[in-house]
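Participant: Hey, dropping target.pdb in here, PDB, C-alpha atoms:
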ATOM      1  CA  MET O   1      84.407 -92.925 -23.924
ATOM      2  CA  PRO O   2      85.543 -93.041 -27.587
ATOM      3  CA  GLU O   3      83.914 -95.463 -30.014
ATOM      4  CA  LEU O   4      86.115 -98.569 -30.198
ATOM      5  CA  ARG O   5      87.492 -99.225 -33.667
ATOM      6  CA  VAL O   6      88.958-102.471 -35.025
ATOM      7  CA  ALA O   7      91.592-101.994 -37.707
ATOM      8  CA  CYS O   8      93.948-104.250 -39.647
ATOM      9  CA  SER O   9      97.663-103.682 -40.084
ATOM     10  CA  THR O  10      98.875-103.794 -43.665
ATOM     11  CA  VAL O  11     101.828-105.926 -42.518
ATOM     12  CA  SER O  12      99.975-108.905 -44.005
ATOM     13  CA  LEU O  13      98.501-106.939 -46.918
ATOM     14  CA  ARG O  14     101.307-106.126 -49.328
ATOM     15  CA  GLY O  15     100.144-103.417 -51.680
ATOM     16  CA  ALA O  16      96.947-101.662 -52.696
ATOM     17  CA  ASP O  17      95.412-104.717 -54.407
ATOM     18  CA  ALA O  18      95.656-106.842 -51.233
ATOM     19  CA  VAL O  19      94.186-103.984 -49.212
ATOM     20  CA  ALA O  20      91.272-103.665 -51.662
ATOM     21  CA  ALA O  21      90.583-107.430 -51.507
ATOM     22  CA  TYR O  22      90.563-107.374 -47.702
ATOM     23  CA  ALA O  23      88.284-104.314 -47.675
ATOM     24  CA  SER O  24      85.827-106.115 -49.939
ATOM     25  CA  ALA O  25      85.853-109.243 -47.740
ATOM     26  CA  TYR O  26      85.416-107.108 -44.615
ATOM     27  CA  ARG O  27      82.474-105.279 -46.170
ATOM     28  CA  ALA O  28      80.779-108.590 -46.948
ATOM     29  CA  ALA O  29      81.442-109.984 -43.469
ATOM     30  CA  PHE O  30      80.541-106.946 -41.369
ATOM     31  CA  ALA O  31      78.436-104.691 -43.587
ATOM     32  CA  GLY O  32      80.808-101.811 -42.910
ATOM     33  CA  GLU O  33      84.028-100.227 -44.081
ATOM     34  CA  ALA O  34      87.431-101.626 -43.125
ATOM     35  CA  LEU O  35      89.989 -99.568 -41.208
ATOM     36  CA  PHE O  36      93.772 -99.875 -41.436
ATOM     37  CA  GLU O  37      97.116 -99.188 -39.821
ATOM     38  CA  LEU O  38      99.818 -98.653 -42.445
ATOM     39  CA  SER O  39     102.801-100.798 -41.466
ATOM     40  CA  TYR O  40     106.503-100.050 -41.697
ATOM     41  CA  GLU O  41     106.522-102.288 -44.805
ATOM     42  CA  TRP O  42     104.177 -99.865 -46.601
ATOM     43  CA  GLU O  43     105.879 -98.063 -49.491
ATOM     44  CA  ILE O  44     103.129 -95.635 -50.505
ATOM     45  CA  ASP O  45     103.078 -92.140 -48.987
ATOM     46  CA  SER O  46     100.216 -90.574 -50.952
ATOM     47  CA  PRO O  47      96.474 -91.425 -50.883
ATOM     48  CA  GLU O  48      96.458 -90.891 -54.655
ATOM     49  CA  GLN O  49      98.524 -94.104 -54.939
ATOM     50  CA  ALA O  50      96.010 -96.071 -52.835
ATOM     51  CA  PRO O  51      92.502 -95.032 -53.848
ATOM     52  CA  GLY O  52      89.887 -95.532 -51.175
ATOM     53  CA  LEU O  53      92.258 -95.403 -48.207
ATOM     54  CA  ARG O  54      91.886 -91.726 -47.349
ATOM     55  CA  GLY O  55      89.836 -91.625 -44.180
ATOM     56  CA  ALA O  56      90.191 -95.398 -43.660
ATOM     57  CA  VAL O  57      93.644 -95.211 -42.040
ATOM     58  CA  VAL O  58      93.587 -94.803 -38.255
ATOM     59  CA  SER O  59      97.354 -94.914 -37.676
ATOM     60  CA  VAL O  60     100.741 -95.485 -39.288
ATOM     61  CA  HIS O  61     103.658 -97.488 -37.923
ATOM     62  CA  ALA O  62     106.983 -95.692 -38.326
ATOM     63  CA  PRO O  63     108.897 -95.724 -40.572
ATOM     64  CA  CYS O  64     106.080 -95.230 -43.048
ATOM     65  CA  PRO O  65     106.634 -95.200 -45.960
ATOM     66  CA  ARG O  66     109.228 -97.968 -45.667
ATOM     67  CA  SER O  67     112.769 -96.876 -44.872
ATOM     68  CA  ALA O  68     116.008 -98.818 -44.632
ATOM     69  CA  HIS O  69     116.131 -98.370 -40.845
ATOM     70  CA  PHE O  70     113.868 -98.197 -37.823
ATOM     71  CA  PRO O  71     114.052 -94.930 -35.912
ATOM     72  CA  ASN O  72     116.573 -95.342 -33.079
ATOM     73  CA  LEU O  73     116.023 -92.556 -30.583
ATOM     74  CA  GLY O  74     118.300 -94.341 -28.110
ATOM     75  CA  SER O  75     121.320 -93.496 -30.285
ATOM     76  CA  ARG O  76     123.867 -90.888 -29.223
ATOM     77  CA  ASP O  77     125.168 -90.599 -32.796
ATOM     78  CA  PRO O  78     123.907 -87.261 -34.201
ATOM     79  CA  SER O  79     123.613 -88.643 -37.744
ATOM     80  CA  VAL O  80     121.497 -91.610 -36.595
ATOM     81  CA  ARG O  81     119.359 -89.311 -34.475
ATOM     82  CA  ARG O  82     118.794 -86.914 -37.402
ATOM     83  CA  ALA O  83     117.865 -89.767 -39.759
ATOM     84  CA  SER O  84     115.511 -91.231 -37.134
ATOM     85  CA  LEU O  85     113.717 -87.928 -36.632
ATOM     86  CA  GLU O  86     113.446 -87.459 -40.394
ATOM     87  CA  ASP O  87     111.791 -90.890 -40.733
ATOM     88  CA  ILE O  88     109.391 -89.905 -37.949
ATOM     89  CA  ARG O  89     108.662 -86.658 -39.798
ATOM     90  CA  ARG O  90     107.864 -88.576 -42.999
ATOM     91  CA  SER O  91     105.651 -90.957 -41.010
ATOM     92  CA  ALA O  92     103.775 -88.011 -39.479
ATOM     93  CA  GLU O  93     103.310 -86.495 -42.936
ATOM     94  CA  THR O  94     101.964 -89.833 -44.198
ATOM     95  CA  ALA O  95      99.577 -90.041 -41.244
ATOM     96  CA  ALA O  96      98.307 -86.521 -41.940
ATOM     97  CA  ALA O  97      97.912 -87.210 -45.667
ATOM     98  CA  PHE O  98      95.779 -90.299 -45.035
ATOM     99  CA  GLY O  99      93.779 -88.701 -42.222
ATOM    100  CA  ALA O 100      95.256 -90.919 -39.486
ATOM    101  CA  GLY O 101      95.302 -89.786 -35.867
ATOM    102  CA  PHE O 102      98.654 -91.058 -34.643
ATOM    103  CA  VAL O 103     102.060 -92.556 -35.429
ATOM    104  CA  VAL O 104     103.164 -95.756 -33.654
ATOM    105  CA  LEU O 105     106.867 -95.876 -32.834
ATOM    106  CA  HIS O 106     109.414 -98.454 -31.687
ATOM    107  CA  PRO O 107     111.395 -95.940 -29.628
ATOM    108  CA  GLY O 108     114.909 -97.322 -29.788
ATOM    109  CA  TYR O 109     117.773 -99.556 -28.797
ATOM    110  CA  THR O 110     120.840 -99.705 -26.546
ATOM    111  CA  LEU O 111     122.980 -98.984 -29.606
ATOM    112  CA  ASP O 112     124.327 -95.913 -31.339
ATOM    113  CA  VAL O 113     124.111 -97.419 -34.847
ATOM    114  CA  ALA O 114     121.251 -97.438 -37.332
ATOM    115  CA  VAL O 115     119.018-100.532 -36.970
ATOM    116  CA  PRO O 116     117.761-102.108 -40.243
ATOM    117  CA  VAL O 117     114.079-102.788 -40.876
ATOM    118  CA  ASP O 118     114.940-106.040 -42.675
ATOM    119  CA  SER O 119     114.912-108.678 -39.928
ATOM    120  CA  SER O 120     117.919-110.734 -41.064
ATOM    121  CA  ARG O 121     120.064-107.616 -41.453
ATOM    122  CA  ARG O 122     118.731-106.236 -38.173
ATOM    123  CA  PHE O 123     119.722-109.289 -36.139
ATOM    124  CA  ALA O 124     123.170-109.292 -37.753
ATOM    125  CA  VAL O 125     123.691-105.628 -36.815
ATOM    126  CA  LEU O 126     122.415-106.182 -33.283
ATOM    127  CA  ALA O 127     124.760-109.136 -32.795
ATOM    128  CA  ARG O 128     127.750-107.278 -34.249
ATOM    129  CA  HIS O 129     127.320-104.139 -32.144
ATOM    130  CA  ALA O 130     125.934-105.499 -28.879
ATOM    131  CA  GLY O 131     129.475-105.838 -27.512
ATOM    132  CA  GLY O 132     129.562-106.649 -23.808
ATOM    133  CA  GLU O 133     125.802-107.109 -23.741
ATOM    134  CA  ASP O 134     126.277-110.677 -24.955
ATOM    135  CA  ARG O 135     126.465-111.723 -21.307
ATOM    136  CA  TYR O 136     122.830-110.669 -20.923
ATOM    137  CA  VAL O 137     121.559-113.184 -23.497
ATOM    138  CA  TRP O 138     119.313-115.656 -21.662
ATOM    139  CA  SER O 139     118.102-117.576 -24.729
ATOM    140  CA  ARG O 140     120.167-117.618 -27.937
ATOM    141  CA  GLU O 141     117.151-118.082 -30.196
ATOM    142  CA  GLY O 142     115.841-114.553 -30.645
ATOM    143  CA  SER O 143     118.599-113.057 -28.411
ATOM    144  CA  ILE O 144     116.181-113.052 -25.482
ATOM    145  CA  CYS O 145     117.546-111.034 -22.574
ATOM    146  CA  THR O 146     118.017-112.095 -18.985
ATOM    147  CA  PRO O 147     115.450-111.117 -16.341
ATOM    148  CA  GLY O 148     116.637-107.818 -14.903
ATOM    149  CA  TYR O 149     118.285-106.696 -18.143
ATOM    150  CA  CYS O 150     116.238-103.495 -18.255
ATOM    151  CA  GLU O 151     118.036-102.210 -15.149
ATOM    152  CA  THR O 152     121.530-102.514 -16.638
ATOM    153  CA  ALA O 153     123.657 -99.407 -17.117
ATOM    154  CA  ALA O 154     123.344 -99.595 -20.925
ATOM    155  CA  CYS O 155     119.557 -99.755 -20.763
ATOM    156  CA  ARG O 156     119.345 -96.836 -18.366
ATOM    157  CA  LEU O 157     121.721 -94.714 -20.459
ATOM    158  CA  HIS O 158     119.985 -95.286 -23.790
ATOM    159  CA  ARG O 159     116.493 -95.140 -22.270
ATOM    160  CA  GLU O 160     117.287 -91.643 -20.984
ATOM    161  CA  GLU O 161     118.601 -90.696 -24.432
ATOM    162  CA  ALA O 162     115.455 -92.038 -26.093
ATOM    163  CA  THR O 163     113.216 -90.172 -23.662
ATOM    164  CA  ALA O 164     115.030 -86.899 -24.371
ATOM    165  CA  ASN O 165     114.751 -87.436 -28.145
ATOM    166  CA  LEU O 166     111.075 -88.375 -27.872
ATOM    167  CA  ALA O 167     110.409 -84.770 -26.883
ATOM    168  CA  GLU O 168     111.608 -83.649 -30.332
ATOM    169  CA  ALA O 169     109.682 -86.464 -32.037
ATOM    170  CA  LEU O 170     106.542 -85.241 -30.254
ATOM    171  CA  ARG O 171     107.062 -81.717 -31.595
ATOM    172  CA  ILE O 172     107.452 -83.087 -35.125
ATOM    173  CA  CYS O 173     104.198 -85.040 -34.910
ATOM    174  CA  GLU O 174     102.344 -82.155 -33.307
ATOM    175  CA  SER O 175     103.420 -79.903 -36.192
ATOM    176  CA  GLU O 176     101.587 -82.295 -38.552
ATOM    177  CA  GLY O 177      98.505 -82.445 -36.325
ATOM    178  CA  VAL O 178      98.979 -86.089 -35.276
ATOM    179  CA  GLU O 179      99.847 -87.802 -31.988
ATOM    180  CA  LEU O 180     102.837 -90.026 -31.227
ATOM    181  CA  ALA O 181     102.343 -93.410 -29.536
ATOM    182  CA  VAL O 182     105.291 -95.433 -28.177
ATOM    183  CA  GLU O 183     105.033 -99.217 -28.435
ATOM    184  CA  ASN O 184     106.432-101.687 -25.891
ATOM    185  CA  LEU O 185     109.121-103.919 -27.402
ATOM    186  CA  ASN O 186     110.131-107.566 -27.125
ATOM    187  CA  PRO O 187     112.530-108.766 -24.385
ATOM    188  CA  ARG O 188     115.560-108.912 -26.651
ATOM    189  CA  VAL O 189     119.050-107.747 -25.800
ATOM    190  CA  THR O 190     119.442-104.134 -27.107
ATOM    191  CA  TYR O 191     115.659-103.465 -27.147
ATOM    192  CA  LEU O 192     114.358-100.630 -24.961
ATOM    193  CA  PHE O 193     110.926-100.171 -23.325
ATOM    194  CA  GLN O 194     110.121-103.814 -22.557
ATOM    195  CA  LEU O 195     108.461-103.337 -19.157
ATOM    196  CA  PRO O 196     105.136-101.796 -18.118
ATOM    197  CA  ALA O 197     107.033 -99.605 -15.631
ATOM    198  CA  GLU O 198     109.111 -98.112 -18.476
ATOM    199  CA  LEU O 199     105.956 -97.054 -20.345
ATOM    200  CA  VAL O 200     104.421 -95.655 -17.179
ATOM    201  CA  HIS O 201     107.560 -93.611 -16.523
ATOM    202  CA  VAL O 202     107.947 -92.193 -20.042
ATOM    203  CA  VAL O 203     104.381 -90.810 -20.155
ATOM    204  CA  HIS O 204     104.935 -89.324 -16.707
ATOM    205  CA  VAL O 205     107.957 -87.450 -18.076
ATOM    206  CA  LEU O 206     106.223 -86.606 -21.393
ATOM    207  CA  PRO O 207     102.484 -86.222 -20.712
ATOM    208  CA  GLN O 208     101.686 -85.442 -24.372
ATOM    209  CA  LEU O 209     103.008 -88.856 -25.396
ATOM    210  CA  ARG O 210     100.571 -91.676 -26.101
ATOM    211  CA  LEU O 211     101.030 -95.451 -25.882
ATOM    212  CA  CYS O 212     100.328 -98.406 -28.141
ATOM    213  CA  VAL O 213     100.374-101.611 -26.088
ATOM    214  CA  ASP O 214     101.469-104.643 -28.106
ATOM    215  CA  LEU O 215      99.838-107.707 -26.529
ATOM    216  CA  GLY O 216     102.173-110.238 -28.129
ATOM    217  CA  HIS O 217     105.270-108.353 -26.980
ATOM    218  CA  LEU O 218     103.817-107.890 -23.504
ATOM    219  CA  TRP O 219     103.138-111.623 -23.192
ATOM    220  CA  ILE O 220     106.726-112.581 -24.039
ATOM    221  CA  SER O 221     108.079-109.896 -21.687
ATOM    222  CA  SER O 222     105.870-111.156 -18.858
ATOM    223  CA  LEU O 223     107.346-114.652 -19.239
ATOM    224  CA  VAL O 224     110.940-113.415 -19.293
ATOM    225  CA  HIS O 225     110.752-110.710 -16.639
ATOM    226  CA  GLY O 226     108.336-112.538 -14.354
ATOM    227  CA  PHE O 227     105.410-110.111 -14.051
ATOM    228  CA  ASP O 228     101.736-110.985 -14.371
ATOM    229  CA  PHE O 229     100.502-110.262 -17.896
ATOM    230  CA  VAL O 230      97.055-108.892 -16.972
ATOM    231  CA  SER O 231      98.402-106.860 -14.029
ATOM    232  CA  GLY O 232     101.090-105.381 -16.266
ATOM    233  CA  LEU O 233      98.470-104.460 -18.843
ATOM    234  CA  ARG O 234      96.353-102.812 -16.154
ATOM    235  CA  ASP O 235      99.350-100.750 -15.005
ATOM    236  CA  ILE O 236      99.839 -99.464 -18.554
ATOM    237  CA  LEU O 237      96.131 -98.760 -19.017
ATOM    238  CA  ALA O 238      95.988 -96.899 -15.698
ATOM    239  CA  THR O 239      98.131 -94.141 -17.252
ATOM    240  CA  GLY O 240      95.144 -93.105 -19.350
ATOM    241  CA  ARG O 241      97.531 -92.644 -22.301
ATOM    242  CA  VAL O 242      96.830 -95.819 -24.291
ATOM    243  CA  VAL O 243      95.266 -94.990 -27.657
ATOM    244  CA  SER O 244      95.817 -98.307 -29.401
ATOM    245  CA  ALA O 245      96.670-101.983 -28.986
ATOM    246  CA  HIS O 246      98.344-104.382 -31.402
ATOM    247  CA  VAL O 247      96.519-107.707 -31.189
ATOM    248  CA  HIS O 248      98.232-110.913 -32.314
ATOM    249  CA  ASP O 249      99.080-114.317 -30.876
ATOM    250  CA  ASN O 250     102.295-116.274 -30.321
ATOM    251  CA  ASP O 251     103.338-119.684 -29.050
ATOM    252  CA  SER O 252     105.651-118.391 -26.315
ATOM    253  CA  ARG O 253     105.695-120.320 -23.045
ATOM    254  CA  LEU O 254     107.821-120.775 -19.953
ATOM    255  CA  GLY O 255     108.989-124.315 -19.235
ATOM    256  CA  THR O 256     109.175-126.081 -15.908
ATOM    257  CA  ARG O 257     112.079-125.495 -13.530
ATOM    258  CA  VAL O 258     113.659-128.580 -12.021
ATOM    259  CA  SER O 259     114.560-126.549  -8.932
ATOM    260  CA  GLU O 260     114.085-123.094  -7.460
ATOM    261  CA  ARG O 261     117.698-122.079  -7.941
ATOM    262  CA  VAL O 262     118.546-119.177 -10.252
ATOM    263  CA  VAL O 263     119.293-120.551 -13.710
ATOM    264  CA  ASP O 264     121.601-119.208 -16.397
ATOM    265  CA  ALA O 265     119.144-120.226 -19.104
ATOM    266  CA  PRO O 266     115.342-120.486 -19.333
ATOM    267  CA  PRO O 267     113.700-123.631 -17.952
ATOM    268  CA  ASP O 268     113.489-126.617 -20.284
ATOM    269  CA  GLY O 269     110.556-126.374 -22.639
ATOM    270  CA  SER O 270     110.576-122.578 -22.799
ATOM    271  CA  ARG O 271     109.939-120.792 -26.072
ATOM    272  CA  PHE O 272     109.982-117.081 -26.846
ATOM    273  CA  GLY O 273     108.808-116.223 -30.351
ATOM    274  CA  ASP O 274     107.258-113.050 -31.742
ATOM    275  CA  ASP O 275     105.217-115.079 -34.228
ATOM    276  CA  HIS O 276     102.405-112.613 -35.033
ATOM    277  CA  LEU O 277      99.959-115.499 -35.365
ATOM    278  CA  ALA O 278      96.211-115.325 -35.867
ATOM    279  CA  ILE O 279      94.159-115.022 -32.675
ATOM    280  CA  GLY O 280      93.703-118.464 -31.124
ATOM    281  CA  ARG O 281      96.815-120.072 -32.598
ATOM    282  CA  GLY O 282      99.041-119.373 -29.584
ATOM    283  CA  ASN O 283      99.152-118.838 -25.839
ATOM    284  CA  VAL O 284      98.550-115.107 -25.383
ATOM    285  CA  PRO O 285      95.516-114.550 -23.087
ATOM    286  CA  ILE O 286      93.904-112.287 -25.649
ATOM    287  CA  ALA O 287      90.325-112.527 -24.382
ATOM    288  CA  ALA O 288      91.373-111.378 -20.898
ATOM    289  CA  ALA O 289      93.422-108.556 -22.436
ATOM    290  CA  VAL O 290      90.571-107.419 -24.688
ATOM    291  CA  HIS O 291      88.289-107.294 -21.656
ATOM    292  CA  GLN O 292      90.740-104.920 -19.941
ATOM    293  CA  LEU O 293      91.199-102.803 -23.077
ATOM    294  CA  LYS O 294      87.441-102.451 -23.526
ATOM    295  CA  ARG O 295      86.939-101.491 -19.869
ATOM    296  CA  ALA O 296      89.673 -98.864 -20.147
ATOM    297  CA  GLY O 297      88.061 -97.278 -23.201
ATOM    298  CA  VAL O 298      91.015 -97.796 -25.563
ATOM    299  CA  GLY O 299      89.906 -96.376 -28.884
ATOM    300  CA  THR O 300      91.625 -98.605 -31.448
ATOM    301  CA  LEU O 301      92.487-102.312 -31.619
ATOM    302  CA  VAL O 302      94.740-103.286 -34.538
ATOM    303  CA  ILE O 303      95.030-106.862 -35.787
ATOM    304  CA  GLU O 304      98.755-107.212 -36.536
ATOM    305  CA  THR O 305      99.052-110.817 -37.673
ATOM    306  CA  LEU O 306     101.157-112.251 -40.472
ATOM    307  CA  ASP O 307      98.369-114.797 -41.086
ATOM    308  CA  PRO O 308      95.385-113.869 -43.269
ATOM    309  CA  PRO O 309      93.703-111.310 -41.009
ATOM    310  CA  LEU O 310      89.951-111.664 -41.536
ATOM    311  CA  GLU O 311      89.418-114.623 -39.191
ATOM    312  CA  SER O 312      91.292-112.778 -36.431
ATOM    313  CA  VAL O 313      89.036-109.785 -37.009
ATOM    314  CA  ARG O 314      86.006-112.094 -36.670
ATOM    315  CA  ARG O 315      87.333-113.530 -33.391
ATOM    316  CA  LEU O 316      88.121-110.086 -32.026
ATOM    317  CA  MET O 317      84.675-108.805 -32.976
ATOM    318  CA  ARG O 318      83.077-111.710 -31.122
ATOM    319  CA  MET O 319      85.183-110.920 -28.020
ATOM    320  CA  LEU O 320      83.849-107.377 -28.242
ATOM    321  CA  GLY O 321      80.267-108.584 -28.598
ATOM    322  CA  HIS O 322      79.889-107.575 -32.247
ATOM    323  CA  ALA O 323      78.299-110.107 -34.592
ATOM    324  CA  ALA O 324      79.260-110.409 -38.233
ATOM    325  CA  ALA O 325      76.710-109.649 -40.929
ATOM    326  CA  GLY O 326      74.126-112.413 -41.036
ATOM    327  CA  GLY O 327      75.037-113.489 -37.499
ATOM    328  CA  GLY O 328      78.261-115.332 -38.579
TER     329      GLY O 328
END
Is it possible to express this structure as structure tokens?
Facilitator:
Amino acid sequence: MPELRVACSTVSLRGADAVAAYASAYRAAFAGEALFELSYEWEIDSPEQAPGLRGAVVSVHAPCPRSAHFPNLGSRDPSVRRASLEDIRRSAETAAAFGAGFVVLHPGYTLDVAVPVDSSRRFAVLARHAGGEDRYVWSREGSICTPGYCETAACRLHREEATANLAEALRICESEGVELAVENLNPRVTYLFQLPAELVHVVHVLPQLRLCVDLGHLWISSLVHGFDFVSGLRDILATGRVVSAHVHDNDSRLGTRVSERVVDAPPDGSRFGDDHLAIGRGNVPIAAAVHQLKRAGVGTLVIETLDPPLESVRRLMRMLGHAAAGGG
């Protein structure tokens, strides 16, 4: 069983100075050296630009360094596919340069267009090009999809396209000596790979592929699609392909139905938000999930919160049975 590592995403650490400050605080708290996942907001592609990070980076999140667009391997547009694979190539080169073991990838969308990294531009593009998929919007806030959306014709078509293109993405990463890990996405209209069964299937088709299970995304998907969160996590872990987990909290919840009839909208009181909160600020059953991840021997847990990360690292360490320096 590999030694479990706790790392911090640089999504909340903008630039080398913030990374250095966190590393110093981590060293004081845990009497050890901090580890990192470089986020898709990271703009540095050379260790020479971030002294001290070589050997401290466990993974990178594509596109890394930052690009205008997320890779969209679900696209049938050759130009979008080429640009997506090039961003994956650059991410793999960054991973190799920093000594990281794998690239984490959002695999794609039910669209043929390029999908911006900037969230406001991304949602505008998704809304403009979703076309007939508007009828699958269950909750307008966040464009949350209806239960059953993943079995629509558009999802099946673009999921097959993404799976075929993942084979080429794997070859690119392998050529740089790093692995490729697909991440489960939020239950939004146009987003692929929302369900545990989709992750199980893709690693069956592509055995060299690895998985990064995002706990916050999985929680929201479990509420929308109606599967048990812990059972879904176990199904993913049972593949033996999970190398990493993104750990963060959110305030998502499913309201109370006034009847058992099928509803066109979520029950009153529902909320679906990918908040990326600190551990303990939301409703995700993180302790139960960490127990399953530890039992399965997952090698890397990455704090991916937009809040200051050190307290989440402390909480995660306590869940794992590791005390801070001085017993704090």
Participant: I'd like the contact shell of stretch 87-96 of chain O - 8 Å cut-off, all atoms listed in the file, skipping same-chain residues fewer than 3 positions apart - returned as a VMD selection string.
Facilitator: chain O and resid 45 to 46 57 59 to 65 67 71 83 to 84 99 to 103 169 172 to 173 176 to 178
Participant: On this file, the PyMOL selection byres ((chain O and resi 108) around 7) gives some set of residues; write that set as a PyMOL selection string.
Facilitator: chain O and resi 71-74+106-107+109+162+191-192
Participant: Which of these, O:His217, O:Arg121, O:Arg295, O:Arg171, has the shortest distance to O:Gly232 once you count all atoms listed in the file?
Facilitator: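 Under the stated criterion, the closest residue is O:His217.
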Participant: Stretch 2-19 of chain O: which residues within 7 Å, counting all atoms listed in the file, same-chain residues fewer than 2 positions away excluded, as a PyMOL selection string?
Facilitator: chain O and resi 21-23+34-39+41+50+297-308
Participant: So which residues get picked by the PyMOL selection byres ((chain O and resi 117) around 8) here, written as a list of chain:residue names?
Facilitator: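 When the PyMOL selection byres ((chain O and resi 117) around 8) is applied, the selected residues are O:Ser67, O:Ala68, O:His69, O:Phe70, O:Val115, O:Pro116, O:Asp118, O:Ser119, O:Arg121, O:Arg122.
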Participant: Could you save the residues just selected, with C-alpha atoms, as a CSV table (one decimal), in the coordinates of the input?
Facilitator:
chain,number,residue,atom,x,y,z
O,67,SER,CA,112.8,-96.9,-44.9
O,68,ALA,CA,116.0,-98.8,-44.6
O,69,HIS,CA,116.1,-98.4,-40.8
O,70,PHE,CA,113.9,-98.2,-37.8
O,115,VAL,CA,119.0,-100.5,-37.0
O,116,PRO,CA,117.8,-102.1,-40.2
O,118,ASP,CA,114.9,-106.0,-42.7
O,119,SER,CA,114.9,-108.7,-39.9
O,121,ARG,CA,120.1,-107.6,-41.5
O,122,ARG,CA,118.7,-106.2,-38.2
Participant: Around all of stretch 52-70 of chain O's listed atoms, make the axis-aligned box with 3 Å on each side and tell me centre and edge lengths in Å to one decimal, as AutoDock Vina command-line options.
Facilitator:
--center_x 103.0 --center_y -95.2 --center_z -44.4 --size_x 32.3 --size_y 13.2 --size_z 19.5
Participant: Give the answer as one residue: which of O:Ala130, O:Val104, O:Cys150, O:Leu195 has the shortest atom-to-atom distance to O:Val243, using only C-alpha atoms?
Facilitator: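 Closest to O:Val243 of all the choices is O:Val104.
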Participant: Can you list what the PyMOL selection byres ((chain O and resi 310) around 8) grabs from this structure, as a ChimeraX atom specification?
Facilitator: /O:22,25-26,308-309,311-314
Participant: Kindly indicate which residue among O:Leu209, O:Leu233, O:Ala153, O:Val203 lies nearest to O:Leu170, using all atoms listed in the file for the distances.
Facilitator: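 Of O:Leu209, O:Leu233, O:Ala153, O:Val203, the one nearest O:Leu170, counting all atoms listed in the file, is O:Leu209.
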Participant: Counting only C-alpha atoms, I want the residues whose atoms come within 6 Å of (117.2, -109.8, -26.2) in the file frame, returned as a VMD selection string.
Facilitator: chain O and resid 143 to 145 187 to 189
